[in-house]
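What's in work_15.txt: compact mmCIF, C-alpha atoms and all ligand atoms
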```txt
# COMPACT_ATOMS: atom_id res chain seq x y z
CA MET A 175 -54.32 -42.14 -36.71
CA LEU A 176 -57.64 -43.98 -36.26
CA ALA A 177 -58.10 -47.16 -38.29
CA GLU A 178 -60.79 -46.84 -40.94
CA ALA A 179 -64.20 -48.18 -39.82
CA SER A 180 -65.31 -51.38 -41.57
CA PRO A 181 -68.86 -52.73 -41.95
CA PHE A 182 -67.54 -55.81 -40.14
CA ASP A 183 -66.46 -53.99 -36.96
CA SER A 184 -69.74 -54.63 -35.16
CA ILE A 185 -69.52 -58.37 -35.96
CA ARG A 186 -66.00 -58.55 -34.56
CA ASN A 187 -67.13 -56.65 -31.44
CA LEU A 188 -70.04 -59.05 -30.90
CA ILE A 189 -67.80 -62.09 -31.20
CA ALA A 190 -65.45 -60.60 -28.62
CA LEU A 191 -68.43 -60.30 -26.23
CA MET A 192 -69.82 -63.83 -26.63
CA PRO A 193 -71.07 -65.23 -23.32
CA GLN A 194 -69.60 -68.46 -21.99
CA ALA A 195 -71.36 -71.58 -20.74
CA SER A 196 -72.86 -71.72 -17.26
CA GLU A 197 -70.58 -73.99 -15.23
CA SER A 198 -73.05 -74.09 -12.32
CA ALA A 199 -75.91 -75.31 -14.56
CA ALA A 200 -73.61 -78.00 -15.99
CA ALA A 201 -72.56 -79.06 -12.49
CA ALA A 202 -76.23 -79.34 -11.43
CA VAL A 203 -76.87 -81.66 -14.38
CA ARG A 204 -73.88 -83.85 -13.51
CA ALA A 205 -75.04 -84.10 -9.91
CA ARG A 206 -78.55 -85.18 -10.98
CA GLN A 207 -77.19 -87.65 -13.56
CA ALA A 208 -75.39 -89.43 -10.72
CA GLU A 209 -78.72 -89.94 -8.89
CA LEU A 210 -80.73 -91.32 -11.82
CA THR A 211 -81.61 -95.01 -12.06
CA LYS A 212 -78.89 -96.16 -14.43
CA PRO A 213 -75.29 -97.27 -14.12
CA GLN A 214 -73.02 -94.21 -13.99
CA GLY A 215 -72.35 -92.86 -17.49
CA SER A 216 -74.49 -95.50 -19.18
CA LEU A 217 -76.46 -93.02 -21.27
CA GLY A 218 -73.23 -92.01 -22.97
CA ARG A 219 -73.61 -88.95 -25.19
CA LEU A 220 -77.21 -88.44 -24.01
CA GLU A 221 -75.72 -87.38 -20.68
CA GLU A 222 -73.34 -84.97 -22.44
CA ILE A 223 -76.24 -83.50 -24.41
CA ALA A 224 -78.29 -82.78 -21.28
CA GLU A 225 -75.26 -81.09 -19.74
CA PHE A 226 -74.62 -79.13 -22.94
CA LEU A 227 -78.22 -77.84 -23.06
CA ALA A 228 -78.12 -76.74 -19.44
CA ALA A 229 -74.73 -75.08 -19.81
CA TRP A 230 -75.73 -73.08 -22.89
CA GLN A 231 -79.28 -72.24 -21.84
CA GLY A 232 -77.80 -71.21 -18.50
CA LYS A 233 -80.34 -73.18 -16.44
CA PRO A 234 -79.99 -76.43 -14.48
CA ILE A 235 -83.23 -77.84 -15.91
CA PRO A 236 -83.07 -77.04 -19.63
CA SER A 237 -86.21 -76.67 -21.77
CA LEU A 238 -87.10 -77.82 -25.28
CA ASP A 239 -90.52 -76.21 -25.62
CA ARG A 240 -89.76 -74.07 -28.67
CA PRO A 241 -87.16 -75.73 -30.93
CA LEU A 242 -86.91 -74.05 -34.33
CA VAL A 243 -85.47 -74.91 -37.73
CA ALA A 244 -84.43 -71.81 -39.66
CA ILE A 245 -83.82 -72.24 -43.40
CA PHE A 246 -81.99 -69.45 -45.18
CA ALA A 247 -82.35 -69.55 -48.96
CA ALA A 248 -80.26 -67.78 -51.58
CA ASN A 249 -79.23 -67.96 -55.22
CA HIS A 250 -75.70 -67.88 -56.58
CA GLY A 251 -74.17 -66.36 -59.70
CA VAL A 252 -71.77 -69.29 -59.95
CA ALA A 253 -74.74 -71.60 -60.64
CA ALA A 254 -74.63 -70.26 -64.23
CA LYS A 255 -71.32 -72.13 -64.60
CA GLY A 256 -73.19 -75.45 -64.70
CA VAL A 257 -72.07 -76.70 -61.28
CA SER A 258 -75.37 -78.20 -60.04
CA ALA A 259 -77.52 -81.10 -61.19
CA TYR A 260 -80.61 -78.84 -60.93
CA PRO A 261 -81.58 -75.42 -62.31
CA ALA A 262 -81.44 -72.33 -60.08
CA SER A 263 -85.25 -72.05 -60.30
CA VAL A 264 -85.44 -74.98 -57.85
CA THR A 265 -84.40 -72.70 -54.97
CA ARG A 266 -87.60 -70.63 -55.19
CA ALA A 267 -89.76 -73.65 -56.03
CA MET A 268 -88.49 -75.41 -52.90
CA MET A 269 -89.32 -72.32 -50.81
CA GLU A 270 -92.90 -72.74 -51.96
CA ASN A 271 -92.70 -76.45 -51.17
CA PHE A 272 -91.50 -75.65 -47.63
CA SER A 273 -94.42 -73.26 -47.21
CA SER A 274 -96.99 -75.78 -48.38
CA GLY A 275 -95.55 -78.60 -46.25
CA GLY A 276 -94.28 -80.87 -49.03
CA ALA A 277 -90.54 -81.04 -48.32
CA ALA A 278 -88.59 -83.59 -46.28
CA ILE A 279 -87.91 -80.98 -43.61
CA ASN A 280 -91.66 -80.46 -43.08
CA GLN A 281 -92.09 -84.16 -42.31
CA ILE A 282 -89.11 -84.26 -39.92
CA CYS A 283 -90.35 -81.13 -38.12
CA GLY A 284 -93.77 -82.76 -37.84
CA ALA A 285 -92.30 -85.98 -36.45
CA PHE A 286 -90.31 -84.19 -33.72
CA GLY A 287 -92.50 -81.16 -32.96
CA LEU A 288 -90.17 -78.52 -34.40
CA GLY A 289 -91.14 -75.08 -35.64
CA LEU A 290 -89.97 -74.08 -39.13
CA LYS A 291 -89.18 -70.63 -40.51
CA VAL A 292 -87.87 -69.98 -43.99
CA PHE A 293 -86.09 -66.81 -45.10
CA ASP A 294 -85.84 -65.66 -48.71
CA LEU A 295 -82.58 -63.75 -49.16
CA ALA A 296 -83.33 -61.83 -52.36
CA LEU A 297 -83.70 -64.96 -54.48
CA ASP A 298 -84.38 -62.95 -57.62
CA ILE A 299 -80.96 -61.32 -57.40
CA PRO A 300 -78.24 -63.99 -57.31
CA THR A 301 -74.95 -62.96 -55.73
CA LYS A 302 -72.13 -62.26 -58.18
CA ASP A 303 -70.21 -65.14 -59.78
CA ILE A 304 -67.31 -65.76 -57.37
CA THR A 305 -65.05 -66.89 -60.22
CA GLN A 306 -65.27 -63.33 -61.62
CA GLU A 307 -65.72 -60.96 -58.67
CA PRO A 308 -66.65 -60.85 -54.98
CA ALA A 309 -70.09 -62.32 -54.25
CA MET A 310 -71.18 -59.28 -52.24
CA GLU A 311 -70.18 -55.79 -51.16
CA ALA A 312 -68.95 -55.68 -47.56
CA ALA A 313 -71.94 -53.57 -46.47
CA ALA A 314 -74.37 -56.09 -48.01
CA ALA A 315 -72.60 -59.00 -46.33
CA ALA A 316 -72.78 -57.23 -42.95
CA ALA A 317 -76.46 -56.40 -43.49
CA THR A 318 -77.22 -60.03 -44.36
CA PHE A 319 -75.38 -61.21 -41.25
CA ALA A 320 -77.55 -58.78 -39.24
CA PHE A 321 -80.69 -60.11 -40.97
CA GLY A 322 -79.72 -63.61 -39.86
CA MET A 323 -79.35 -62.33 -36.30
CA GLU A 324 -82.88 -60.90 -36.37
CA ALA A 325 -84.33 -64.11 -37.73
CA ILE A 326 -84.36 -65.89 -34.40
CA ALA A 327 -86.11 -63.23 -32.36
CA GLY A 328 -88.71 -64.94 -30.15
CA GLU A 329 -88.87 -67.60 -27.50
CA VAL A 330 -86.68 -70.17 -29.27
CA ASP A 331 -84.85 -72.60 -26.94
CA LEU A 332 -82.94 -74.65 -29.56
CA LEU A 333 -82.02 -73.51 -33.06
CA CYS A 334 -81.36 -75.77 -36.05
CA ILE A 335 -79.43 -74.03 -38.81
CA GLY A 336 -80.41 -74.99 -42.36
CA GLU A 337 -80.23 -73.65 -45.90
CA MET A 338 -81.44 -74.02 -49.47
CA GLY A 339 -79.63 -72.74 -52.54
CA ILE A 340 -78.83 -74.32 -55.85
CA GLY A 341 -75.07 -74.03 -56.39
CA ASN A 342 -74.21 -73.59 -52.74
CA THR A 343 -72.09 -76.72 -52.39
CA THR A 344 -69.70 -74.95 -54.81
CA ILE A 345 -69.80 -71.92 -52.52
CA ALA A 346 -69.15 -74.07 -49.44
CA ALA A 347 -66.28 -75.89 -51.17
CA ALA A 348 -64.67 -72.55 -52.08
CA ILE A 349 -65.01 -71.40 -48.47
CA TYR A 350 -63.35 -74.57 -47.15
CA HIS A 351 -60.59 -74.40 -49.76
CA GLY A 352 -60.07 -70.72 -48.90
CA LEU A 353 -59.98 -71.38 -45.15
CA TYR A 354 -58.15 -74.68 -45.03
CA GLY A 355 -56.00 -74.76 -48.17
CA GLY A 356 -55.11 -78.10 -49.79
CA VAL A 357 -56.36 -78.49 -53.34
CA ALA A 358 -59.90 -77.82 -54.62
CA GLU A 359 -60.49 -81.55 -55.13
CA ASP A 360 -60.14 -82.07 -51.35
CA TRP A 361 -63.31 -80.05 -50.72
CA VAL A 362 -65.53 -80.54 -53.76
CA GLY A 363 -68.20 -83.25 -53.84
CA ARG A 364 -71.19 -84.08 -55.98
CA GLY A 365 -73.73 -81.89 -54.15
CA THR A 366 -77.18 -82.62 -55.56
CA GLY A 367 -75.61 -85.45 -57.59
CA VAL A 368 -73.65 -83.87 -60.43
CA ASP A 369 -72.24 -85.98 -63.25
CA ASP A 370 -68.53 -86.12 -64.06
CA GLY A 371 -68.71 -83.14 -66.43
CA ALA A 372 -70.32 -80.86 -63.84
CA LEU A 373 -67.89 -82.15 -61.20
CA THR A 374 -64.99 -81.04 -63.42
CA ARG A 375 -66.63 -77.60 -63.87
CA LYS A 376 -67.21 -77.37 -60.13
CA ILE A 377 -63.57 -78.09 -59.31
CA ALA A 378 -62.49 -75.53 -61.91
CA ALA A 379 -64.86 -72.92 -60.45
CA VAL A 380 -63.58 -73.48 -56.89
CA LYS A 381 -59.96 -73.27 -58.10
CA ALA A 382 -60.66 -70.09 -60.09
CA ALA A 383 -62.51 -68.40 -57.20
CA VAL A 384 -59.79 -69.13 -54.64
CA ALA A 385 -57.06 -68.08 -57.09
CA LEU A 386 -58.87 -64.79 -57.83
CA HIS A 387 -59.60 -63.86 -54.20
CA GLY A 388 -56.60 -65.59 -52.62
CA PRO A 389 -54.71 -62.44 -51.56
CA PHE A 390 -57.78 -61.26 -49.58
CA LEU A 391 -58.80 -64.45 -47.78
CA ASP A 392 -56.82 -64.11 -44.56
CA ASP A 393 -59.70 -62.27 -42.88
CA PRO A 394 -62.63 -64.72 -42.48
CA LEU A 395 -65.25 -61.97 -42.90
CA GLU A 396 -63.62 -60.71 -46.09
CA LEU A 397 -63.58 -64.36 -47.22
CA MET A 398 -67.29 -64.59 -46.38
CA ARG A 399 -68.24 -61.63 -48.54
CA ARG A 400 -66.01 -62.65 -51.45
CA LEU A 401 -66.82 -66.39 -51.58
CA GLY A 402 -69.98 -66.74 -49.54
CA GLY A 403 -73.57 -66.59 -50.48
CA ARG A 404 -76.21 -64.64 -48.59
CA GLU A 405 -77.40 -67.80 -46.79
CA ILE A 406 -73.85 -68.31 -45.49
CA ALA A 407 -73.72 -64.77 -44.05
CA ALA A 408 -77.23 -65.07 -42.58
CA MET A 409 -76.49 -68.46 -40.99
CA ALA A 410 -73.33 -67.03 -39.43
CA GLY A 411 -75.43 -64.18 -38.00
CA ALA A 412 -78.03 -66.58 -36.64
CA ILE A 413 -75.36 -68.70 -34.92
CA VAL A 414 -73.90 -65.62 -33.22
CA ALA A 415 -77.33 -64.26 -32.25
CA ALA A 416 -78.23 -67.60 -30.68
CA ARG A 417 -75.06 -67.44 -28.57
CA MET A 418 -75.95 -63.94 -27.34
CA GLN A 419 -79.44 -65.16 -26.33
CA ASN A 420 -78.46 -68.43 -24.58
CA ILE A 421 -79.88 -70.58 -27.36
CA PRO A 422 -77.94 -73.77 -28.15
CA VAL A 423 -77.54 -74.51 -31.87
CA VAL A 424 -77.64 -77.69 -33.95
CA LEU A 425 -75.68 -77.40 -37.19
CA ASP A 426 -76.85 -79.15 -40.33
CA GLY A 427 -74.53 -80.51 -43.01
CA TYR A 428 -71.80 -79.55 -45.41
CA VAL A 429 -73.24 -76.16 -46.40
CA ALA A 430 -74.44 -74.96 -42.98
CA CYS A 431 -71.02 -75.83 -41.57
CA ALA A 432 -69.38 -73.39 -44.03
CA ALA A 433 -71.00 -70.56 -42.07
CA ALA A 434 -69.86 -72.19 -38.83
CA ALA A 435 -66.31 -72.58 -40.20
CA ILE A 436 -66.08 -68.83 -40.87
CA LEU A 437 -67.00 -68.09 -37.24
CA HIS A 438 -64.59 -70.76 -36.02
CA ALA A 439 -61.81 -69.13 -38.04
CA LEU A 440 -62.62 -65.80 -36.36
CA ASP A 441 -62.60 -67.36 -32.90
CA PRO A 442 -62.39 -71.11 -32.18
CA ARG A 443 -64.72 -70.62 -29.16
CA ALA A 444 -67.49 -69.20 -31.37
CA LEU A 445 -69.03 -72.65 -31.91
CA ASP A 446 -68.90 -73.88 -28.33
CA HIS A 447 -72.73 -73.58 -28.13
CA CYS A 448 -73.17 -75.70 -31.30
CA LEU A 449 -73.69 -79.43 -31.80
CA ALA A 450 -73.14 -81.12 -35.16
CA GLY A 451 -76.48 -82.75 -35.96
CA HIS A 452 -75.05 -85.17 -38.48
CA VAL A 453 -72.22 -85.89 -40.87
CA SER A 454 -73.34 -85.39 -44.44
CA ALA A 455 -72.59 -87.84 -47.23
CA GLU A 456 -70.91 -84.93 -49.03
CA GLY A 457 -67.38 -86.33 -48.73
CA ALA A 458 -65.46 -83.45 -47.15
CA HIS A 459 -67.95 -82.83 -44.36
CA GLY A 460 -66.25 -85.34 -42.06
CA GLU A 461 -62.94 -83.49 -42.39
CA VAL A 462 -64.69 -80.14 -41.82
CA LEU A 463 -66.23 -81.46 -38.59
CA ARG A 464 -62.85 -82.76 -37.50
CA ARG A 465 -61.38 -79.28 -37.99
CA LEU A 466 -64.28 -77.72 -36.10
CA GLY A 467 -63.76 -80.22 -33.26
CA LYS A 468 -67.32 -81.55 -33.58
CA LYS A 469 -68.46 -85.16 -33.36
CA PRO A 470 -71.72 -85.62 -35.28
CA LEU A 471 -74.77 -87.05 -33.53
CA LEU A 472 -76.01 -88.95 -36.58
CA ASP A 473 -74.51 -90.57 -39.67
CA LEU A 474 -77.39 -91.61 -41.91
CA GLY A 475 -75.91 -91.07 -45.36
CA MET A 476 -77.98 -87.91 -45.86
CA ARG A 477 -76.93 -85.02 -48.13
CA LEU A 478 -80.12 -83.03 -48.46
CA GLY A 479 -79.52 -79.77 -46.61
CA GLU A 480 -82.63 -77.72 -45.68
CA GLY A 481 -81.79 -78.34 -42.00
CA SER A 482 -82.83 -81.99 -42.26
CA GLY A 483 -79.85 -83.59 -40.48
CA ALA A 484 -80.01 -81.05 -37.66
CA ALA A 485 -83.77 -81.51 -37.27
CA LEU A 486 -83.43 -85.29 -37.09
CA ALA A 487 -80.82 -84.94 -34.36
CA VAL A 488 -83.38 -83.05 -32.28
CA GLY A 489 -85.17 -86.39 -31.84
CA VAL A 490 -82.07 -87.66 -30.01
CA ILE A 491 -81.68 -84.38 -28.12
CA LYS A 492 -85.31 -84.51 -26.97
CA ALA A 493 -84.82 -88.06 -25.73
CA ALA A 494 -81.66 -86.98 -23.88
CA LEU A 495 -83.55 -84.23 -22.10
CA ALA A 496 -86.53 -86.45 -21.30
CA CYS A 497 -84.23 -88.97 -19.63
CA HIS A 498 -82.57 -86.23 -17.65
CA THR A 499 -85.73 -84.53 -16.44
CA ASP A 500 -88.16 -87.44 -16.05
CA MET A 501 -86.17 -90.49 -14.92
CA ALA A 502 -86.60 -91.52 -11.29
CA THR A 503 -83.67 -91.25 -8.91
CA PHE A 504 -82.38 -94.32 -7.04
CA ALA A 505 -84.05 -92.97 -3.87
CA GLU A 506 -87.41 -92.28 -5.56
CA ALA A 507 -87.55 -95.71 -7.19
CA HIS A 508 -86.08 -97.58 -4.20
CA VAL A 509 -83.35 -99.04 -6.39
CA ALA A 510 -80.06 -99.85 -4.67
CA GLY A 511 -77.22 -97.64 -5.81
CA LYS A 512 -73.68 -98.65 -6.70
CA ASP A 513 -71.91 -100.49 -3.85
CA GLU A 514 -74.98 -100.24 -1.58
CA GLY A 515 -74.77 -103.98 -0.92
O1 LIG B 1 -75.53 -79.61 -46.53
C1 LIG B 1 -75.31 -80.69 -47.12
O2 LIG B 1 -74.77 -81.64 -46.56
C2 LIG B 1 -75.73 -80.78 -48.58
C3 LIG B 1 -75.10 -81.68 -49.41
C4 LIG B 1 -75.52 -81.73 -50.74
C5 LIG B 1 -76.54 -80.90 -51.20
N1 LIG B 1 -77.13 -80.02 -50.35
C6 LIG B 1 -78.24 -79.16 -50.81
O3 LIG B 1 -78.27 -79.14 -52.22
C7 LIG B 1 -78.23 -77.82 -52.72
C8 LIG B 1 -76.88 -77.51 -53.26
O4 LIG B 1 -76.40 -78.51 -54.11
P1 LIG B 1 -75.73 -78.07 -55.50
O5 LIG B 1 -75.43 -79.37 -56.20
O6 LIG B 1 -76.81 -77.30 -56.23
O7 LIG B 1 -74.55 -77.27 -55.15
C9 LIG B 1 -78.58 -76.92 -51.57
O8 LIG B 1 -79.96 -76.63 -51.58
C10 LIG B 1 -78.18 -77.72 -50.35
O9 LIG B 1 -79.12 -77.54 -49.29
C11 LIG B 1 -76.75 -79.96 -49.05
C1 LIG B 2 -85.33 -80.92 -55.06
C2 LIG B 2 -84.26 -80.36 -54.15
C3 LIG B 2 -84.53 -80.21 -52.79
C4 LIG B 2 -83.54 -79.66 -51.94
N1 LIG B 2 -83.48 -79.40 -50.63
C5 LIG B 2 -82.31 -78.88 -50.33
N2 LIG B 2 -81.59 -78.83 -51.44
C6 LIG B 2 -82.29 -79.29 -52.46
C7 LIG B 2 -82.02 -79.44 -53.81
C8 LIG B 2 -83.00 -79.98 -54.68
C9 LIG B 2 -82.68 -80.17 -56.13
```

Before we go any further, please render this structure as structure tokens.
Ligand SMILES: O=C(O)c1ccc[n+]([C@@H]2O[C@H](COP(=O)([O-])O)[C@@H](O)[C@H]2O)c1
Ligand SMILES: Cc1cc2nc[nH]c2cc1C
Amino acid sequence: MLAEASPFDSIRNLIALMPQASESAAAAVRARQAELTKPQGSLGRLEEIAEFLAAWQGKPIPSLDRPLVAIFAANHGVAAKGVSAYPASVTRAMMENFSSGGAAINQICGAFGLGLKVFDLALDIPTKDITQEPAMEAAAAAATFAFGMEAIAGEVDLLCIGEMGIGNTTIAAAIYHGLYGGVAEDWVGRGTGVDDGALTRKIAAVKAAVALHGPFLDDPLELMRRLGGREIAAMAGAIVAARMQNIPVVLDGYVACAAAAILHALDPRALDHCLAGHVSAEGAHGEVLRRLGKKPLLDLGMRLGEGSGAALAVGVIKAALACHTDMATFAEAHVAGKDEG
């Protein structure tokens, strides 16, 4: 008998088809690094970044002409449980702030020459309260994943994954608790800066959600539709779409990594084209990155979201590429190489 078709089948098929890194492009970068006017290996992680870009763009001289920050915004039924320091209306108001250039992410994009696109995922219709029922129907979760895949159509050569959504650190904590176990307290932090009362409600909400959905959380995509918000599903789609189109990805903080963690649970190789832009000050993010096998580029005590930590890391990534492409070689600069007397 044929197994019943699921709305998630096409996602699973795509993940099975993910392309791998170009070993020849990476080797070309390593060969050039050895010729550049610096002691071998002295640019540390900058050298790794240049190699990473080449490997995942599939070209020996990578480009950073069209880096993009994509912000996916959504509202959450669980916000009505009093788990954030801010009202849910802030999600839409911040979308307007992004559009008029007044948010932190606008300034960081301006400083580093990044494009910015924001996506409103039905803000007027919050997902269902995960402490009571699944956040989304499976078909809606699959459609939102597909929307996230579409979002990066164009000539993008580096994608920063960001989000905005009041209540979504509760969503992310539930996802981590569902994926990684432990106790709710291991994964819950103060998000936008909740007081002790809201922190207690947040822990209770994460416990209740994972207890309610627990029997169904073995499948990461089922977990995504039960616990996740729309921004989580769309970010997961965008990460996969980038992989299919040879676009390296920079992950933002605690919330963006919840989408990444779902993909990683489906297939640990699914994040090989992703860098961690930073480690968020939201306490559990460091442990999440450890589980994802990612070492963050920056640690600046930030816990903003909206793609800000990823966008800042692009400054470092741009510098890494500039060194790789524009430094003189020992021969060009007439500098004696190692052991050349
Ligand atoms: O991603 C992070 O590291 C992060 C840490 C704390 C807060 N946030 C942002 O704050 C919002 C969610 O916080 P909260 O308290 O409403 O759950 C949402 O818009 C996130 O972008 C994001
Ligand atoms: C003002 C504000 C800006 C944000 N940006 C990302 N999350 C946010 C949450 C709040 C509350």

Would you kindly return, as a PyMOL selection string, each protein, DNA or RNA residue with an atom no farther than 8 Å from any atom of A:Ile279, considering all atoms listed in the file and excluding same-chain residues fewer than 2 positions away?
chain A and resi 272+277+281-283+480-482+485

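One distance worth recording is that between atom CA of A:His498 and atom CA of A:Gly451, which is 19.6 Å.
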
Please return as an mmCIF file with C-alpha atoms, in the coordinates of the input the residues found within 7 Å of ligand LIG 1 (chain B), counting all atoms listed in the file.
```cif
data_model
loop_
_atom_site.group_PDB
_atom_site.id
_atom_site.type_symbol
_atom_site.label_atom_id
_atom_site.label_comp_id
_atom_site.auth_asym_id
_atom_site.auth_seq_id
_atom_site.Cartn_x
_atom_site.Cartn_y
_atom_site.Cartn_z
ATOM 1 C CA VAL A 257 -72.070 -76.700 -61.280
ATOM 2 C CA SER A 258 -75.370 -78.200 -60.040
ATOM 3 C CA ALA A 259 -77.520 -81.100 -61.190
ATOM 4 C CA TYR A 260 -80.610 -78.840 -60.930
ATOM 5 C CA THR A 265 -84.400 -72.700 -54.970
ATOM 6 C CA GLU A 337 -80.230 -73.650 -45.900
ATOM 7 C CA MET A 338 -81.440 -74.020 -49.470
ATOM 8 C CA GLY A 339 -79.630 -72.740 -52.540
ATOM 9 C CA ILE A 340 -78.830 -74.320 -55.850
ATOM 10 C CA GLY A 341 -75.070 -74.030 -56.390
ATOM 11 C CA ASN A 342 -74.210 -73.590 -52.740
ATOM 12 C CA THR A 343 -72.090 -76.720 -52.390
ATOM 13 C CA THR A 344 -69.700 -74.950 -54.810
ATOM 14 C CA ARG A 364 -71.190 -84.080 -55.980
ATOM 15 C CA GLY A 365 -73.730 -81.890 -54.150
ATOM 16 C CA THR A 366 -77.180 -82.620 -55.560
ATOM 17 C CA GLY A 367 -75.610 -85.450 -57.590
ATOM 18 C CA VAL A 368 -73.650 -83.870 -60.430
ATOM 19 C CA ASP A 426 -76.850 -79.150 -40.330
ATOM 20 C CA GLY A 427 -74.530 -80.510 -43.010
ATOM 21 C CA TYR A 428 -71.800 -79.550 -45.410
ATOM 22 C CA VAL A 429 -73.240 -76.160 -46.400
ATOM 23 C CA ALA A 430 -74.440 -74.960 -42.980
ATOM 24 C CA SER A 454 -73.340 -85.390 -44.440
ATOM 25 C CA ALA A 455 -72.590 -87.840 -47.230
ATOM 26 C CA GLU A 456 -70.910 -84.930 -49.030
ATOM 27 C CA ARG A 477 -76.930 -85.020 -48.130
ATOM 28 C CA LEU A 478 -80.120 -83.030 -48.460
ATOM 29 C CA GLY A 479 -79.520 -79.770 -46.610
ATOM 30 C CA GLU A 480 -82.630 -77.720 -45.680
#
```

Polymer residues at most 10 Å from (-63.6, -73.2, -55.9) by all atoms listed in the file, as a ChimeraX atom specification:
/A:252,304-305,343-352,357-359,361-362,375-386,401

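Atom pair atom CA of A:Gly336 / atom C6 of ligand LIG 2 (chain B): separated by 11.1 Å.
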
Quick one: pull the distance between atom CA of A:Leu472 and atom CA of A:Ile335, Å, one decimal.
15.5 Å

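For the choices A:Ser263, A:Thr499, A:Thr374, A:Thr301, the atom-to-atom distance to ligand LIG 2 (chain B) is smallest for A:Ser263 when using all atoms listed in the file.
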
Nearest candidate to ligand LIG 2 (chain B) (options A:Arg266, A:His459, A:Arg219, A:Lys512; using only C-alpha atoms and all ligand atoms)
A:Arg266

So which residues are close to (-81.4, -63.3, -45.9), meaning at most 8 Å away in the file's coordinates with only C-alpha atoms counted, and can you show them as JSON, numbers by chain?
{"A": [246, 247, 248, 293, 294, 295, 296, 318, 319, 321, 322, 404, 405, 408]}

Pick out the residues sitting within 9 Å of stretch 326-334 of chain A, and hand them over as a ChimeraX atom specification; count all atoms listed in the file, and ignore anything fewer than 2 positions along from it in its own chain.
/A:227,231,236-245,322-324,336,412-413,415-416,420-426,451,481-482,484-485,488

Return as AutoDock Vina command-line options the box centre and box size in Å, one decimal, for an axis-aligned box around all listed atoms of ligand LIG 2 (chain B) padded by 8 Å per side.
```
--center_x -83.5 --center_y -79.9 --center_z -53.2 --size_x 19.7 --size_y 18.1 --size_z 21.8
```

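Minimum atom-to-atom distances from A:Met418, A:Met476, A:Leu445, A:Val453 to ligand LIG 2 (chain B) were compared using all atoms listed in the file, and the lowest value belongs to A:Met476.
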
Can you take the partial stretch 424-438 of chain A, add N, CA and C atoms, and return it as a short mmCIF file (atom, residue, chain, number, x, y, z; two decimals), keeping the file's coordinate frame?
```cif
data_model
loop_
_atom_site.label_atom_id
_atom_site.label_comp_id
_atom_site.auth_asym_id
_atom_site.auth_seq_id
_atom_site.Cartn_x
_atom_site.Cartn_y
_atom_site.Cartn_z
N VAL A 424 -77.99 -76.43 -33.29
CA VAL A 424 -77.64 -77.69 -33.95
C VAL A 424 -77.32 -77.36 -35.41
N LEU A 425 -76.11 -77.67 -35.81
CA LEU A 425 -75.68 -77.40 -37.19
C LEU A 425 -76.16 -78.52 -38.10
N ASP A 426 -76.53 -78.14 -39.33
CA ASP A 426 -76.85 -79.15 -40.33
C ASP A 426 -75.55 -79.59 -41.03
N GLY A 427 -75.62 -79.81 -42.33
CA GLY A 427 -74.53 -80.51 -43.01
C GLY A 427 -73.42 -79.67 -43.58
N TYR A 428 -72.99 -80.10 -44.74
CA TYR A 428 -71.80 -79.55 -45.41
C TYR A 428 -71.92 -78.05 -45.66
N VAL A 429 -73.10 -77.59 -46.06
CA VAL A 429 -73.24 -76.16 -46.40
C VAL A 429 -73.40 -75.31 -45.14
N ALA A 430 -74.25 -75.74 -44.22
CA ALA A 430 -74.44 -74.96 -42.98
C ALA A 430 -73.11 -74.83 -42.24
N CYS A 431 -72.30 -75.87 -42.29
CA CYS A 431 -71.02 -75.83 -41.57
C CYS A 431 -70.03 -74.86 -42.20
N ALA A 432 -70.27 -74.41 -43.44
CA ALA A 432 -69.38 -73.39 -44.03
C ALA A 432 -69.55 -72.07 -43.28
N ALA A 433 -70.78 -71.77 -42.88
CA ALA A 433 -71.00 -70.56 -42.07
C ALA A 433 -70.33 -70.72 -40.71
N ALA A 434 -70.48 -71.91 -40.13
CA ALA A 434 -69.86 -72.19 -38.83
C ALA A 434 -68.34 -72.09 -38.94
N ALA A 435 -67.78 -72.57 -40.04
CA ALA A 435 -66.31 -72.58 -40.20
C ALA A 435 -65.76 -71.16 -40.25
N ILE A 436 -66.52 -70.24 -40.82
CA ILE A 436 -66.08 -68.83 -40.87
C ILE A 436 -66.00 -68.28 -39.44
N LEU A 437 -67.02 -68.56 -38.64
CA LEU A 437 -67.00 -68.09 -37.24
C LEU A 437 -65.86 -68.74 -36.47
N HIS A 438 -65.66 -70.03 -36.71
CA HIS A 438 -64.59 -70.76 -36.02
C HIS A 438 -63.22 -70.18 -36.37
#
```
